[in-house]
>>> print(open('input03.txt').read())   # compact mmCIF, C-alpha atoms
# COMPACT_ATOMS: atom_id res chain seq x y z
CA MET A 1497 -8.42 26.65 11.87
CA GLN A 1498 -11.29 25.34 14.00
CA GLY A 1499 -14.55 25.09 12.18
CA LYS A 1500 -12.89 25.61 8.83
CA THR A 1501 -13.44 22.79 6.42
CA ILE A 1502 -10.38 21.42 4.68
CA SER A 1503 -11.13 19.74 1.39
CA GLN A 1504 -10.69 16.00 1.02
CA SER A 1505 -8.08 16.43 -1.67
CA VAL A 1506 -5.93 18.63 0.58
CA ILE A 1507 -6.28 16.12 3.41
CA ARG A 1508 -5.16 13.36 1.02
CA ARG A 1509 -1.94 15.28 0.35
CA LEU A 1510 -1.14 15.91 4.03
CA PRO A 1511 0.64 12.62 4.79
CA ARG A 1512 2.99 13.32 1.90
CA TYR A 1513 3.69 16.85 3.14
CA TYR A 1514 4.30 15.45 6.59
CA ARG A 1515 6.69 12.83 5.25
CA PHE A 1516 8.72 15.35 3.27
CA LEU A 1517 8.85 17.83 6.15
CA GLU A 1518 9.93 15.07 8.53
CA GLU A 1519 12.79 14.24 6.18
CA LEU A 1520 13.87 17.87 5.88
CA HIS A 1521 13.71 18.17 9.65
CA ARG A 1522 15.88 15.08 10.03
CA GLU A 1523 18.34 16.57 7.57
CA GLY A 1524 18.65 19.51 9.94
CA MET A 1525 16.94 22.12 7.76
CA GLU A 1526 15.00 24.82 9.57
CA LYS A 1527 13.19 26.60 6.79
CA ILE A 1528 12.32 26.12 3.17
CA SER A 1529 10.88 28.30 0.43
CA SER A 1530 7.72 27.21 -1.31
CA ARG A 1531 9.75 27.03 -4.55
CA GLU A 1532 12.24 24.61 -3.03
CA LEU A 1533 9.53 22.54 -1.38
CA SER A 1534 7.66 22.44 -4.68
CA GLU A 1535 10.71 21.11 -6.50
CA ARG A 1536 11.19 18.40 -3.91
CA MET A 1537 7.54 17.39 -3.96
CA ARG A 1538 6.84 17.89 -7.65
CA LEU A 1539 3.91 20.17 -6.96
CA THR A 1540 3.65 23.75 -8.18
CA ALA A 1541 4.67 26.43 -5.69
CA SER A 1542 1.23 27.96 -5.98
CA GLN A 1543 -0.38 24.60 -5.21
CA ILE A 1544 1.70 24.38 -2.07
CA ARG A 1545 0.87 27.92 -1.01
CA GLN A 1546 -2.80 27.23 -1.60
CA ASP A 1547 -2.73 23.95 0.37
CA LEU A 1548 -0.86 25.37 3.32
CA ASN A 1549 -2.93 28.52 3.46
CA CYS A 1550 -5.80 26.26 4.52
CA PHE A 1551 -4.12 25.99 7.91
CA GLY A 1552 -3.50 29.64 8.47
CA GLY A 1553 -0.57 30.45 6.20
CA PHE A 1554 2.76 29.50 7.64
CA GLY A 1555 4.91 31.08 5.01
CA GLN A 1556 6.36 34.53 5.42
CA GLN A 1557 7.21 36.54 2.35
CA GLY A 1558 10.95 36.25 1.76
CA TYR A 1559 11.41 33.75 4.56
CA GLY A 1560 9.63 30.58 3.56
CA TYR A 1561 8.19 27.94 5.84
CA ASN A 1562 9.42 27.03 9.27
CA ILE A 1563 9.82 23.29 8.80
CA SER A 1564 9.41 22.12 12.36
CA GLU A 1565 6.39 24.35 12.98
CA LEU A 1566 4.65 23.32 9.78
CA LYS A 1567 5.36 19.62 10.38
CA ASP A 1568 3.89 19.83 13.87
CA LYS A 1569 0.84 21.68 12.63
CA ILE A 1570 0.13 19.09 9.96
CA GLY A 1571 0.76 16.38 12.55
CA THR A 1572 -1.92 17.96 14.74
CA ILE A 1573 -4.42 18.05 11.88
CA LEU A 1574 -3.71 14.37 11.24
CA HIS A 1575 -4.07 13.68 14.99
CA LEU A 1576 -0.58 12.21 15.11
CA ASP A 1577 0.01 13.91 18.45
CA GLU A 1578 -2.71 11.92 20.17
CA LYS A 1579 -2.11 8.59 21.81
CA ARG A 1580 -4.07 5.70 20.38
CA ASN A 1581 -3.87 2.02 21.30
CA VAL A 1582 -3.48 -0.44 18.46
CA ILE A 1583 -3.72 -4.19 18.30
CA LEU A 1584 -2.38 -6.48 15.60
CA ILE A 1585 -4.36 -9.52 14.48
CA GLY A 1586 -2.28 -12.09 12.64
CA VAL A 1587 1.40 -12.58 13.34
CA GLY A 1588 2.49 -14.23 10.11
CA ASN A 1589 5.31 -12.88 7.96
CA LEU A 1590 3.42 -9.76 7.03
CA GLY A 1591 2.06 -8.97 10.48
CA ARG A 1592 5.46 -9.45 12.04
CA ALA A 1593 7.14 -7.29 9.41
CA ILE A 1594 4.65 -4.46 9.80
CA SER A 1595 4.90 -4.46 13.57
CA GLU A 1596 8.69 -4.61 13.54
CA HIS A 1597 9.32 -2.38 10.53
CA LEU A 1598 7.13 0.59 11.36
CA ASP A 1599 7.72 2.93 14.26
CA PHE A 1600 4.10 3.40 15.28
CA SER A 1601 4.93 5.87 18.02
CA ARG A 1602 5.96 8.42 15.37
CA PHE A 1603 2.29 8.57 14.42
CA GLY A 1604 0.83 8.48 17.92
CA PHE A 1605 0.01 4.79 17.89
CA GLU A 1606 1.09 2.33 20.52
CA LEU A 1607 0.94 -1.40 19.89
CA THR A 1608 -0.67 -2.86 23.00
CA GLY A 1609 -1.72 -6.33 21.93
CA VAL A 1610 -0.92 -8.96 19.30
CA PHE A 1611 -3.15 -11.90 18.49
CA ASP A 1612 -3.00 -15.09 16.48
CA ARG A 1613 -4.90 -18.34 16.39
CA GLU A 1614 -1.95 -20.67 15.78
CA PRO A 1615 -1.06 -22.56 18.97
CA SER A 1616 2.60 -22.61 17.87
CA ILE A 1617 2.69 -18.81 17.72
CA ILE A 1618 0.60 -17.97 20.80
CA GLY A 1619 2.90 -17.08 23.68
CA ARG A 1620 5.81 -15.94 21.52
CA LYS A 1621 7.18 -12.45 21.98
CA ILE A 1622 6.70 -9.65 19.42
CA LEU A 1623 8.20 -6.33 20.47
CA ASN A 1624 7.94 -7.36 24.14
CA LEU A 1625 4.32 -8.37 23.77
CA SER A 1626 3.25 -11.98 24.21
CA VAL A 1627 1.13 -13.18 21.32
CA ARG A 1628 -2.37 -13.84 22.67
CA ASP A 1629 -4.97 -16.33 21.53
CA VAL A 1630 -7.45 -14.58 19.22
CA ALA A 1631 -10.17 -16.42 21.15
CA THR A 1632 -9.48 -13.99 24.01
CA LEU A 1633 -9.95 -10.92 21.80
CA ARG A 1634 -13.34 -9.91 23.18
CA GLU A 1635 -12.08 -10.17 26.74
CA PHE A 1636 -9.01 -8.04 25.94
CA CYS A 1637 -11.05 -5.34 24.23
CA THR A 1638 -13.47 -5.18 27.12
CA GLU A 1639 -10.71 -4.72 29.66
CA ASN A 1640 -8.43 -2.44 27.60
CA ARG A 1641 -9.03 0.58 25.42
CA VAL A 1642 -8.41 -0.34 21.79
CA ASP A 1643 -8.64 2.41 19.19
CA MET A 1644 -7.58 0.63 16.03
CA ALA A 1645 -6.84 -2.86 14.76
CA ILE A 1646 -4.39 -3.97 12.09
CA LEU A 1647 -5.65 -6.99 10.20
CA CYS A 1648 -2.99 -9.25 8.73
CA ILE A 1649 -5.13 -12.34 8.36
CA PRO A 1650 -6.91 -14.05 5.46
CA ARG A 1651 -10.35 -12.91 4.40
CA THR A 1652 -12.11 -15.85 6.01
CA GLY A 1653 -10.90 -15.14 9.53
CA ALA A 1654 -11.19 -11.38 9.15
CA GLN A 1655 -14.98 -11.32 8.97
CA GLU A 1656 -15.38 -12.96 12.39
CA VAL A 1657 -12.64 -10.82 13.96
CA VAL A 1658 -14.14 -7.54 12.72
CA LYS A 1659 -17.56 -8.61 14.02
CA THR A 1660 -16.08 -9.15 17.48
CA LEU A 1661 -14.08 -5.91 17.40
CA TYR A 1662 -16.98 -3.83 16.14
CA ALA A 1663 -19.19 -5.15 18.94
CA CYS A 1664 -16.48 -4.05 21.40
CA GLY A 1665 -16.45 -0.52 19.97
CA VAL A 1666 -13.38 -0.79 17.76
CA HIS A 1667 -14.35 0.96 14.53
CA ALA A 1668 -10.99 1.71 12.87
CA PHE A 1669 -9.07 -0.81 10.80
CA TRP A 1670 -5.80 -0.88 8.89
CA ASN A 1671 -6.84 -3.69 6.64
CA TYR A 1672 -4.30 -5.91 4.87
CA SER A 1673 -6.85 -8.71 4.52
CA HIS A 1674 -9.07 -8.99 1.46
CA TYR A 1675 -12.22 -8.79 3.55
CA ASP A 1676 -14.32 -5.81 2.43
CA ILE A 1677 -15.08 -4.26 5.82
CA LEU A 1678 -17.03 -1.29 4.45
CA ALA A 1679 -19.52 -3.58 2.73
CA ASP A 1680 -20.67 -4.77 6.16
CA TYR A 1681 -19.77 -1.72 8.28
CA PRO A 1682 -20.14 1.41 6.15
CA ASP A 1683 -19.41 3.67 9.13
CA ALA A 1684 -16.02 2.17 9.95
CA ALA A 1685 -12.79 4.08 9.38
CA VAL A 1686 -10.86 1.83 7.01
CA GLU A 1687 -7.64 2.03 5.07
CA ASN A 1688 -7.19 -0.95 2.81
CA VAL A 1689 -3.71 -1.98 1.75
CA HIS A 1690 -3.86 -4.41 -1.14
CA LEU A 1691 -0.25 -5.05 -2.05
CA THR A 1692 -1.18 -7.42 -4.84
CA ASP A 1693 -3.34 -4.77 -6.55
CA SER A 1694 -0.30 -2.52 -6.62
CA LEU A 1695 1.81 -5.34 -8.06
CA MET A 1696 -0.76 -6.03 -10.78
CA THR A 1697 -0.95 -2.35 -11.70
CA LEU A 1698 2.83 -2.32 -12.04
CA SER A 1699 2.63 -5.45 -14.17
CA TYR A 1700 0.35 -3.57 -16.54
CA SER A 1701 2.26 -0.32 -16.67
CA MET A 1702 5.69 -1.88 -17.12
CA ASN A 1703 4.43 -3.49 -20.30
CA GLU A 1704 2.23 -0.79 -21.65
CA GLU A 1705 4.71 2.06 -21.26
CA LEU A 1706 1.90 3.96 -19.67
CA CYS A 1707 2.53 7.36 -18.32
CA PRO A 1708 3.85 6.67 -14.83
CA THR A 1709 1.43 5.21 -12.36
CA SER A 1710 2.05 7.73 -9.67
CA GLY A 1711 -1.52 8.90 -9.71
CA SER A 1712 -2.98 6.41 -7.33
CA ASN A 1713 -0.42 5.96 -4.71
CA GLU A 1714 2.17 8.60 -4.55
CA MET B 1253 -9.35 -6.15 -28.32
CA GLN B 1254 -6.12 -5.22 -30.07
CA GLY B 1255 -5.81 -1.60 -30.91
CA LYS B 1256 -8.74 -0.66 -28.73
CA THR B 1257 -7.85 1.81 -26.04
CA ILE B 1258 -9.00 0.98 -22.53
CA SER B 1259 -9.41 3.97 -20.29
CA GLN B 1260 -7.06 4.48 -17.38
CA SER B 1261 -9.90 4.32 -14.87
CA VAL B 1262 -11.00 0.92 -16.17
CA ILE B 1263 -7.41 -0.31 -16.01
CA ARG B 1264 -7.20 0.90 -12.40
CA ARG B 1265 -10.17 -1.28 -11.50
CA LEU B 1266 -8.81 -4.43 -13.18
CA PRO B 1267 -6.64 -5.70 -10.30
CA ARG B 1268 -9.67 -5.56 -8.06
CA TYR B 1269 -11.80 -7.50 -10.60
CA TYR B 1270 -9.01 -10.01 -10.91
CA ARG B 1271 -8.76 -10.44 -7.16
CA PHE B 1272 -12.50 -11.00 -6.75
CA LEU B 1273 -12.68 -13.42 -9.67
CA GLU B 1274 -9.71 -15.34 -8.32
CA GLU B 1275 -11.52 -15.74 -5.01
CA LEU B 1276 -14.74 -16.90 -6.67
CA HIS B 1277 -12.71 -19.35 -8.74
CA ARG B 1278 -11.06 -20.68 -5.59
CA GLU B 1279 -14.49 -21.07 -4.01
CA GLY B 1280 -15.35 -23.35 -6.91
CA MET B 1281 -17.88 -21.06 -8.60
CA GLU B 1282 -18.08 -21.31 -12.39
CA LYS B 1283 -20.30 -18.41 -13.34
CA ILE B 1284 -21.72 -15.28 -11.81
CA SER B 1285 -24.35 -12.76 -12.85
CA SER B 1286 -23.40 -9.11 -13.13
CA ARG B 1287 -25.89 -8.40 -10.34
CA GLU B 1288 -24.20 -10.85 -7.97
CA LEU B 1289 -20.73 -9.64 -8.93
CA SER B 1290 -21.85 -6.06 -8.40
CA GLU B 1291 -23.07 -6.84 -4.89
CA ARG B 1292 -19.77 -8.48 -4.01
CA MET B 1293 -17.71 -5.64 -5.42
CA ARG B 1294 -19.97 -2.75 -4.43
CA LEU B 1295 -20.12 -1.44 -7.98
CA THR B 1296 -23.33 -1.03 -9.94
CA ALA B 1297 -24.22 -3.85 -12.31
CA SER B 1298 -24.22 -1.40 -15.19
CA GLN B 1299 -20.72 -0.20 -14.25
CA ILE B 1300 -19.52 -3.79 -14.35
CA ARG B 1301 -21.19 -4.48 -17.69
CA GLN B 1302 -19.66 -1.30 -19.08
CA ASP B 1303 -16.18 -2.13 -17.76
CA LEU B 1304 -16.20 -5.69 -19.01
CA ASN B 1305 -17.64 -4.78 -22.38
CA CYS B 1306 -14.31 -3.04 -23.02
CA PHE B 1307 -12.79 -6.48 -23.44
CA GLY B 1308 -15.33 -7.89 -25.79
CA GLY B 1309 -18.33 -8.65 -23.57
CA PHE B 1310 -18.03 -11.88 -21.69
CA GLY B 1311 -21.51 -11.93 -20.26
CA GLN B 1312 -24.31 -13.82 -21.93
CA GLN B 1313 -27.88 -12.75 -21.35
CA GLY B 1314 -29.37 -15.02 -18.72
CA TYR B 1315 -26.11 -16.80 -18.08
CA GLY B 1316 -23.72 -14.33 -16.52
CA TYR B 1317 -19.95 -14.36 -16.68
CA ASN B 1318 -17.76 -17.42 -16.95
CA ILE B 1319 -15.47 -16.77 -13.99
CA SER B 1320 -12.41 -18.66 -15.10
CA GLU B 1321 -12.56 -17.24 -18.64
CA LEU B 1322 -13.02 -13.67 -17.46
CA LYS B 1323 -10.25 -13.99 -14.87
CA ASP B 1324 -7.82 -15.29 -17.49
CA LYS B 1325 -8.77 -12.55 -19.92
CA ILE B 1326 -8.15 -9.83 -17.35
CA GLY B 1327 -4.92 -11.58 -16.38
CA THR B 1328 -3.79 -11.36 -19.99
CA ILE B 1329 -4.60 -7.65 -20.18
CA LEU B 1330 -2.56 -7.12 -17.00
CA HIS B 1331 0.24 -9.25 -18.49
CA LEU B 1332 0.08 -11.65 -15.55
CA ASP B 1333 0.58 -14.58 -17.92
CA GLU B 1334 4.02 -13.42 -18.97
CA LYS B 1335 7.17 -14.43 -17.17
CA ARG B 1336 9.18 -11.56 -15.70
CA ASN B 1337 12.29 -11.76 -13.53
CA VAL B 1338 12.29 -9.73 -10.35
CA ILE B 1339 15.01 -8.84 -7.90
CA LEU B 1340 14.62 -7.64 -4.34
CA ILE B 1341 16.91 -4.97 -2.92
CA GLY B 1342 16.94 -4.85 0.86
CA VAL B 1343 16.34 -7.91 2.99
CA GLY B 1344 15.26 -6.28 6.25
CA ASN B 1345 11.98 -7.11 7.97
CA LEU B 1346 9.89 -5.61 5.22
CA GLY B 1347 11.82 -7.05 2.29
CA ARG B 1348 11.80 -10.49 3.84
CA ALA B 1349 8.08 -10.31 4.60
CA ILE B 1350 7.18 -9.21 1.09
CA SER B 1351 9.28 -11.92 -0.52
CA GLU B 1352 7.97 -14.63 1.78
CA HIS B 1353 4.37 -13.42 2.06
CA LEU B 1354 3.51 -12.88 -1.58
CA ASP B 1355 3.26 -15.62 -4.15
CA PHE B 1356 4.86 -13.74 -7.04
CA SER B 1357 4.34 -16.57 -9.50
CA ARG B 1358 0.58 -15.97 -9.37
CA PHE B 1359 1.29 -12.68 -11.15
CA GLY B 1360 3.91 -13.94 -13.58
CA PHE B 1361 6.88 -12.73 -11.56
CA GLU B 1362 9.79 -14.88 -10.52
CA LEU B 1363 12.19 -13.75 -7.83
CA THR B 1364 15.64 -14.43 -9.24
CA GLY B 1365 17.93 -12.37 -7.02
CA VAL B 1366 18.02 -10.79 -3.56
CA PHE B 1367 20.51 -8.15 -2.49
CA ASP B 1368 21.59 -6.41 0.67
CA ARG B 1369 24.62 -4.45 1.78
CA GLU B 1370 24.86 -5.82 5.31
CA PRO B 1371 27.74 -8.30 5.61
CA SER B 1372 25.80 -10.20 8.27
CA ILE B 1373 22.91 -10.76 5.85
CA ILE B 1374 24.86 -11.45 2.65
CA GLY B 1375 25.03 -15.18 2.02
CA ARG B 1376 21.88 -16.05 3.95
CA LYS B 1377 19.09 -17.91 2.19
CA ILE B 1378 15.77 -16.30 1.24
CA LEU B 1379 13.39 -18.61 -0.63
CA ASN B 1380 16.36 -20.71 -1.78
CA LEU B 1381 18.25 -17.67 -3.04
CA SER B 1382 21.52 -16.61 -1.45
CA VAL B 1383 21.50 -12.94 -0.51
CA ARG B 1384 24.05 -11.18 -2.73
CA ASP B 1385 26.17 -8.14 -2.01
CA VAL B 1386 24.48 -5.08 -3.53
CA ALA B 1387 27.95 -4.09 -4.77
CA THR B 1388 27.57 -6.90 -7.34
CA LEU B 1389 24.24 -5.58 -8.62
CA ARG B 1390 25.56 -4.20 -11.90
CA GLU B 1391 27.35 -7.44 -12.68
CA PHE B 1392 24.21 -9.48 -11.94
CA CYS B 1393 22.00 -7.28 -14.14
CA THR B 1394 24.47 -7.49 -17.01
CA GLU B 1395 24.57 -11.28 -16.89
CA ASN B 1396 20.89 -11.92 -16.14
CA ARG B 1397 17.66 -10.50 -17.49
CA VAL B 1398 16.00 -8.39 -14.82
CA ASP B 1399 12.57 -6.92 -15.58
CA MET B 1400 11.63 -5.29 -12.30
CA ALA B 1401 13.17 -4.42 -8.94
CA ILE B 1402 11.51 -4.25 -5.53
CA LEU B 1403 13.09 -1.58 -3.36
CA CYS B 1404 12.88 -2.18 0.38
CA ILE B 1405 15.71 0.13 1.40
CA PRO B 1406 15.94 3.63 2.86
CA ARG B 1407 15.75 6.66 0.59
CA THR B 1408 19.48 7.35 0.78
CA GLY B 1409 20.56 4.00 -0.63
CA ALA B 1410 17.70 3.87 -3.13
CA GLN B 1411 18.98 6.73 -5.27
CA GLU B 1412 22.29 4.98 -6.02
CA VAL B 1413 20.63 1.62 -6.60
CA VAL B 1414 18.09 3.01 -9.06
CA LYS B 1415 20.88 4.79 -10.94
CA THR B 1416 22.72 1.50 -11.35
CA LEU B 1417 19.60 -0.43 -12.30
CA TYR B 1418 18.44 2.18 -14.79
CA ALA B 1419 21.82 2.13 -16.48
CA CYS B 1420 21.45 -1.65 -16.80
CA GLY B 1421 18.06 -1.29 -18.49
CA VAL B 1422 15.82 -2.02 -15.50
CA HIS B 1423 13.04 0.56 -15.73
CA ALA B 1424 10.29 -0.88 -13.52
CA PHE B 1425 10.20 -0.49 -9.74
CA TRP B 1426 7.95 -1.58 -6.93
CA ASN B 1427 9.06 1.12 -4.58
CA TYR B 1428 8.72 0.83 -0.81
CA SER B 1429 11.48 3.37 -0.25
CA HIS B 1430 10.73 7.06 0.08
CA TYR B 1431 12.96 7.92 -2.85
CA ASP B 1432 10.94 9.72 -5.52
CA ILE B 1433 12.05 7.77 -8.59
CA LEU B 1434 9.82 9.61 -11.05
CA ALA B 1435 11.42 12.94 -10.18
CA ASP B 1436 14.70 11.67 -11.65
CA TYR B 1437 13.37 9.09 -14.15
CA PRO B 1438 10.02 10.30 -15.46
CA ASP B 1439 9.83 7.39 -17.95
CA ALA B 1440 10.15 4.65 -15.34
CA ALA B 1441 7.22 2.38 -14.50
CA VAL B 1442 6.77 2.91 -10.77
CA GLU B 1443 4.31 1.83 -8.14
CA ASN B 1444 5.00 3.51 -4.83
CA VAL B 1445 3.84 1.85 -1.64
CA HIS B 1446 3.99 4.27 1.26
CA LEU B 1447 2.58 2.35 4.18
CA THR B 1448 3.02 5.28 6.54
CA ASP B 1449 0.91 7.57 4.32
CA SER B 1450 -1.88 5.05 4.61
CA LEU B 1451 -1.46 4.93 8.38
CA MET B 1452 -1.58 8.73 8.63
CA THR B 1453 -4.71 8.89 6.49
CA LEU B 1454 -6.33 6.37 8.81
CA SER B 1455 -5.22 8.45 11.78
CA TYR B 1456 -7.10 11.39 10.32
CA SER B 1457 -10.25 9.55 9.31
CA MET B 1458 -10.64 7.61 12.56
CA ASN B 1459 -10.86 10.91 14.38
CA GLU B 1460 -12.78 12.97 11.91
CA GLU B 1461 -15.50 10.43 11.24
CA LEU B 1462 -14.92 11.10 7.61
CA CYS B 1463 -16.86 9.23 5.08
CA PRO B 1464 -14.84 6.04 4.63
CA THR B 1465 -11.46 6.40 3.06
CA SER B 1466 -11.96 3.71 0.50
CA GLY B 1467 -11.47 6.13 -2.37
CA SER B 1468 -7.74 6.00 -2.65
CA ASN B 1469 -6.87 2.47 -2.03
CA GLU B 1470 -9.69 0.12 -2.38
>>> encode(input="input03.txt", output="structure tokens")
Amino acid sequence: MQGKTISQSVIRRLPRYYRFLEELHREGMEKISSRELSERMRLTASQIRQDLNCFGGFGQQGYGYNISELKDKIGTILHLDEKRNVILIGVGNLGRAISEHLDFSRFGFELTGVFDREPSIIGRKILNLSVRDVATLREFCTENRVDMAILCIPRTGAQEVVKTLYACGVHAFWNYSHYDILADYPDAAVENVHLTDSLMTLSYSMNEELCPTSGSNE
Amino acid sequence: MQGKTISQSVIRRLPRYYRFLEELHREGMEKISSRELSERMRLTASQIRQDLNCFGGFGQQGYGYNISELKDKIGTILHLDEKRNVILIGVGNLGRAISEHLDFSRFGFELTGVFDREPSIIGRKILNLSVRDVATLREFCTENRVDMAILCIPRTGAQEVVKTLYACGVHAFWNYSHYDILADYPDAAVENVHLTDSLMTLSYSMNEELCPTSGSNE
């Protein structure tokens, strides 16, 4: 494994593998053939074999894949077994939903701080964390290790917040704002989530009877 | 315009154009040169000219693009100026956040029904709509036009719900569940939003110092 380069397109498929394997694991299954996995995932069996061979070939002829082992291995490649501290900026509807809806610990993330600028929200509890004033962000990041920030704020506020975070050494962002972080910080690790783009794409495809739009975001 | 085929990759970029133009419009700008737009969007000016020429060429030499006109034109192509009725299935944290966070009307959608199966939630108000029992879904869809459904429920419940909706003629889904709709209904219009896939991709890239992950979801 070490030193071997895995192609970007394989990496892009890993979260989906992980998700399916996690589900099979939860269902109590212990092993699965590449044919069965391929039917579930709508990939060809040979595609699956090719992908998984990148990590040392978990399948055994006539046995299939050990689900728990393969899931853990993919989790390791995705660094899900490491512990990373996350902070949330913006505790509006969306920020609150994301923090309460997702079980970050499943992916190795721990929410250690939540911030807002609204006096009426500062001090409230979110998942046992008191909402802090975003004005104290620099102080917090200096005193605590922060590995990643989730941005659930409008574009205007996001620019200032990212500037502060970047200066404190936080270079990874799960970005729900419309601020284009990479334009200003090309080295940052960024995943943008633009829900409205997805909604507009659906608006197009539901009228145009396009072939399904699974390409971009499956 | 009519009868002219626009390539899939251009269509994929349209929501992003729309979003940028909407912002410029809100900022009070009336026109923009392709050079300026290209800097904002991190596309080349020639890419922008090529894309927008697909719709009849809005730019004028030495003048640039009329922002409001171009925005409306792209909105029309995306069908954002039509009125479509939407229902939400699942009023947990995520469903509530999506319905309260997004202004659907901006994209031509109107939320006309919300459903859940939890007795403690049924009857509550969400955006002036009473939460209905999901058991009455078929009845509702027979009596009211429903163009699209947002699924904010677990995979297990989603399968049954989609079966009911499909039978009632609802073929478009904004899918936050992990149920793979296209596997069972290849003709459906589906946009999947898998927030955890995005989080796992970030987990990988923040450790691997990959080139930025903007490719998939910018």
>>> interface_residues(input="input03.txt", of="chain A", to="chain B", cutoff="7 Å", atoms="all atoms listed in the file", output="PyMOL selection string")
chain A and resi 1511-1512+1574-1576+1589-1590+1593+1596-1597+1603+1668+1683-1689+1693-1694+1696-1702+1708-1710+1712-1714
>>> closest_residue(input="input03.txt", among="B:Ser1286, B:Gln1411, B:Asn1427, B:Thr1416", to="Leu1389 in chain B", atoms="all atoms listed in the file")
B:Thr1416
>>> closest_residue(input="input03.txt", among="B:Arg1384, B:Lys1377, B:Lys1323, B:Arg1278", to="Gly1342 in chain B", atoms="all atoms listed in the file")
B:Arg1384
>>> atom_distance(input="input03.txt", atom1="CA of Thr1652 in chain A", atom2="CA of Leu1623 in chain A")
26.7 Å
>>> atom_distance(input="input03.txt", atom1="CA of Gly1560 in chain A", atom2="CA of Lys1527 in chain A")
6.2 Å
>>> residues_near_point(input="input03.txt", point="(-12.0, 0.2, 25.1)", cutoff="12 Å", atoms="only C-alpha atoms", output="mmCIF file with C-alpha atoms, in the coordinates of the input")
data_model
loop_
_atom_site.group_PDB
_atom_site.id
_atom_site.type_symbol
_atom_site.label_atom_id
_atom_site.label_comp_id
_atom_site.auth_asym_id
_atom_site.auth_seq_id
_atom_site.Cartn_x
_atom_site.Cartn_y
_atom_site.Cartn_z
ATOM 1 C CA ARG A 1580 -4.070 5.700 20.380
ATOM 2 C CA ASN A 1581 -3.870 2.020 21.300
ATOM 3 C CA VAL A 1582 -3.480 -0.440 18.460
ATOM 4 C CA ILE A 1583 -3.720 -4.190 18.300
ATOM 5 C CA THR A 1608 -0.670 -2.860 23.000
ATOM 6 C CA LEU A 1633 -9.950 -10.920 21.800
ATOM 7 C CA ARG A 1634 -13.340 -9.910 23.180
ATOM 8 C CA GLU A 1635 -12.080 -10.170 26.740
ATOM 9 C CA PHE A 1636 -9.010 -8.040 25.940
ATOM 10 C CA CYS A 1637 -11.050 -5.340 24.230
ATOM 11 C CA THR A 1638 -13.470 -5.180 27.120
ATOM 12 C CA GLU A 1639 -10.710 -4.720 29.660
ATOM 13 C CA ASN A 1640 -8.430 -2.440 27.600
ATOM 14 C CA ARG A 1641 -9.030 0.580 25.420
ATOM 15 C CA VAL A 1642 -8.410 -0.340 21.790
ATOM 16 C CA ASP A 1643 -8.640 2.410 19.190
ATOM 17 C CA MET A 1644 -7.580 0.630 16.030
ATOM 18 C CA ALA A 1645 -6.840 -2.860 14.760
ATOM 19 C CA LEU A 1661 -14.080 -5.910 17.400
ATOM 20 C CA TYR A 1662 -16.980 -3.830 16.140
ATOM 21 C CA ALA A 1663 -19.190 -5.150 18.940
ATOM 22 C CA CYS A 1664 -16.480 -4.050 21.400
ATOM 23 C CA GLY A 1665 -16.450 -0.520 19.970
ATOM 24 C CA VAL A 1666 -13.380 -0.790 17.760
ATOM 25 C CA HIS A 1667 -14.350 0.960 14.530
#
>>> residues_around(input="input03.txt", residues="Arg1376 in chain B", least_positions_apart="4", cutoff="12 Å", atoms="only C-alpha atoms", output="PyMOL selection string")
chain B and resi 1343+1348+1366-1368+1370-1372+1380-1385
